[in-house]
file input_36.cif (mmCIF, C-alpha atoms; chains and numbers go by the auth columns)
data_coords
loop_
_atom_site.group_PDB
_atom_site.id
_atom_site.type_symbol
_atom_site.label_atom_id
_atom_site.label_comp_id
_atom_site.label_asym_id
_atom_site.label_seq_id
_atom_site.Cartn_x
_atom_site.Cartn_y
_atom_site.Cartn_z
_atom_site.B_iso_or_equiv
_atom_site.auth_seq_id
_atom_site.auth_asym_id
ATOM 1 C CA MET A 1 4.607 26.529 -41.198 0.00 1447 A
ATOM 2 C CA GLY A 2 2.417 28.765 -39.029 0.00 1448 A
ATOM 3 C CA PHE A 3 -0.619 26.540 -39.622 0.00 1449 A
ATOM 4 C CA PHE A 4 1.358 23.427 -38.634 0.00 1450 A
ATOM 5 C CA SER A 5 2.536 25.151 -35.425 0.00 1451 A
ATOM 6 C CA PHE A 6 -1.070 26.067 -34.652 0.00 1452 A
ATOM 7 C CA ILE A 7 -2.176 22.441 -35.093 0.00 1453 A
ATOM 8 C CA VAL A 8 0.650 21.236 -32.826 0.00 1454 A
ATOM 9 C CA LEU A 9 -0.303 23.844 -30.228 0.00 1455 A
ATOM 10 C CA LEU A 10 -3.928 22.674 -30.362 0.00 1456 A
ATOM 11 C CA ALA A 11 -2.831 19.057 -29.950 0.00 1457 A
ATOM 12 C CA ILE A 12 -0.709 19.955 -26.917 0.00 1458 A
ATOM 13 C CA ALA A 13 -3.560 21.973 -25.412 0.00 1459 A
ATOM 14 C CA TYR A 14 -5.957 19.057 -25.970 0.00 1460 A
ATOM 15 C CA LEU A 15 -3.599 16.577 -24.330 0.00 1461 A
ATOM 16 C CA LEU A 16 -3.065 18.864 -21.345 0.00 1462 A
ATOM 17 C CA TRP A 17 -6.818 19.299 -21.028 0.00 1463 A
ATOM 18 C CA ARG A 18 -7.344 15.522 -21.080 0.00 1464 A
ATOM 19 C CA ILE A 19 -4.633 14.977 -18.475 0.00 1465 A
ATOM 20 C CA SER A 20 -6.029 17.678 -16.188 0.00 1466 A
ATOM 21 C CA ASP A 21 -9.519 16.250 -16.686 0.00 1467 A
ATOM 22 C CA GLN A 22 -8.335 12.842 -15.446 0.00 1468 A
ATOM 23 C CA MET A 23 -6.217 14.198 -12.576 0.00 1469 A
ATOM 24 C CA PRO A 24 -8.852 13.840 -9.802 0.00 1470 A
ATOM 25 C CA ASP A 25 -9.402 10.190 -10.728 0.00 1471 A
ATOM 26 C CA ILE A 26 -5.674 9.511 -10.807 0.00 1472 A
ATOM 27 C CA LEU A 27 -5.151 11.176 -7.434 0.00 1473 A
ATOM 28 C CA PHE A 28 -8.056 9.241 -5.914 0.00 1474 A
ATOM 29 C CA ARG A 29 -6.670 5.942 -7.191 0.00 1475 A
ATOM 30 C CA LEU A 30 -3.213 6.788 -5.851 0.00 1476 A
ATOM 31 C CA SER A 31 -4.664 7.599 -2.435 0.00 1477 A
ATOM 32 C CA GLU A 32 -6.546 4.293 -2.437 0.00 1478 A
ATOM 33 C CA ILE A 33 -3.334 2.439 -3.286 0.00 1479 A
ATOM 34 C CA GLN A 34 -1.491 4.260 -0.504 0.00 1480 A
ATOM 35 C CA ARG A 35 -4.278 3.404 1.956 0.00 1481 A
ATOM 36 C CA ASP A 36 -4.147 -0.272 0.962 0.00 1482 A
ATOM 37 C CA ILE A 37 -0.363 -0.383 1.327 0.00 1483 A
ATOM 38 C CA ALA A 38 -0.570 1.267 4.763 0.00 1484 A
ATOM 39 C CA GLU A 39 -3.198 -1.267 5.861 0.00 1485 A
ATOM 40 C CA LEU A 40 -1.041 -4.171 4.666 0.00 1486 A
ATOM 41 C CA ARG A 41 1.947 -2.771 6.563 0.00 1487 A
ATOM 42 C CA ARG A 42 -0.110 -2.391 9.738 0.00 1488 A
ATOM 43 C CA ARG A 43 -1.315 -5.973 9.420 0.00 1489 A
ATOM 44 C CA THR A 44 2.162 -7.387 8.885 0.00 1490 A
ATOM 45 C CA GLU A 45 3.605 -5.303 11.740 0.00 1491 A
ATOM 46 C CA SER A 46 0.832 -6.370 14.112 0.00 1492 A
ATOM 47 C CA GLN A 47 1.255 -10.034 13.155 0.00 1493 A
ATOM 48 C CA ALA A 48 5.046 -10.071 13.360 0.00 1494 A
ATOM 49 C CA PRO A 49 5.324 -9.451 17.157 0.00 1495 A
ATOM 50 C CA ALA A 50 2.401 -11.805 17.845 0.00 1496 A
ATOM 51 C CA GLN A 51 4.052 -14.793 16.169 0.00 1497 A
ATOM 52 C CA PRO A 52 7.104 -15.098 18.488 0.00 1498 A
ATOM 53 C CA SER A 53 4.926 -14.809 21.598 0.00 1499 A
ATOM 54 C CA GLN A 54 2.693 -17.606 20.279 0.00 1500 A
ATOM 55 C CA ALA A 55 5.780 -19.693 19.602 0.00 1501 A
ATOM 56 C CA ASP A 56 7.043 -19.050 23.143 0.00 1502 A
ATOM 57 C CA ALA A 57 3.737 -20.064 24.721 0.00 1503 A
ATOM 58 C CA PRO A 58 3.962 -23.800 23.842 0.00 1504 A
ATOM 59 C CA ALA A 59 7.588 -23.890 24.989 0.00 1505 A
ATOM 60 C CA ALA A 60 6.600 -22.326 28.311 0.00 1506 A
ATOM 61 C CA ALA A 61 3.767 -24.846 28.653 0.00 1507 A
ATOM 62 C CA ASP A 62 6.193 -27.712 28.001 0.00 1508 A
ATOM 63 C CA ASN A 63 8.577 -26.373 30.639 0.00 1509 A
ATOM 64 C CA ALA A 64 5.725 -26.069 33.152 0.00 1510 A
ATOM 65 C CA THR A 65 4.668 -29.689 32.615 0.00 1511 A
ATOM 66 C CA ASP A 66 8.266 -30.883 32.845 0.00 1512 A
ATOM 67 C CA SER A 67 8.730 -29.090 36.152 0.00 1513 A
ATOM 68 C CA ALA A 68 5.463 -30.440 37.497 0.00 1514 A
ATOM 69 C CA GLY A 69 6.389 -33.981 36.491 0.00 1515 A
ATOM 70 C CA ASP A 70 9.686 -33.943 38.468 0.00 1516 A
#
call {"tool": "encode", "arguments": {"input": "input_36.cif", "output": "structure tokens"}}
result
Amino acid sequence: MGFFSFIVLLAIAYLLWRISDQMPDILFRLSEIQRDIAELRRRTESQAPAQPSQADAPAAADNATDSAGD
């Protein structure tokens, strides 16, 4: 039973070593994902206010030509 416990302990130690060995790569990938998500949010937030003002511009131009035509 002691030998089996030793083998299990070695397996756990190996798995923890492999996880800790990969941790910098995992953290880097997570930071890249967070950066991409933040960039997408900035793009959608910057485009959202611009769209109504572009939609208002043709309506204002139509009103200006209607007033000039009267």
call {"tool": "atom_distance", "arguments": {"input": "input_36.cif", "atom1": "CA of Phe1474 (chain A)", "atom2": "CA of Arg1487 (chain A)"}}
result
20.0 Å
call {"tool": "axis_aligned_box", "arguments": {"input": "input_36.cif", "around": "region 1459-1468 of chain A", "padding_each_side": "5 Å", "output": "AutoDock Vina command-line options"}}
result
--center_x -6.3 --center_y 17.4 --center_z -20.7 --size_x 16.5 --size_y 19.1 --size_z 20.5
call {"tool": "atom_distance", "arguments": {"input": "input_36.cif", "atom1": "CA of Glu1478 (chain A)", "atom2": "CA of Leu1462 (chain A)"}}
result
24.1 Å
call {"tool": "atom_distance", "arguments": {"input": "input_36.cif", "atom1": "CA of Ser1492 (chain A)", "atom2": "CA of Ser1477 (chain A)"}}
result
22.3 Å
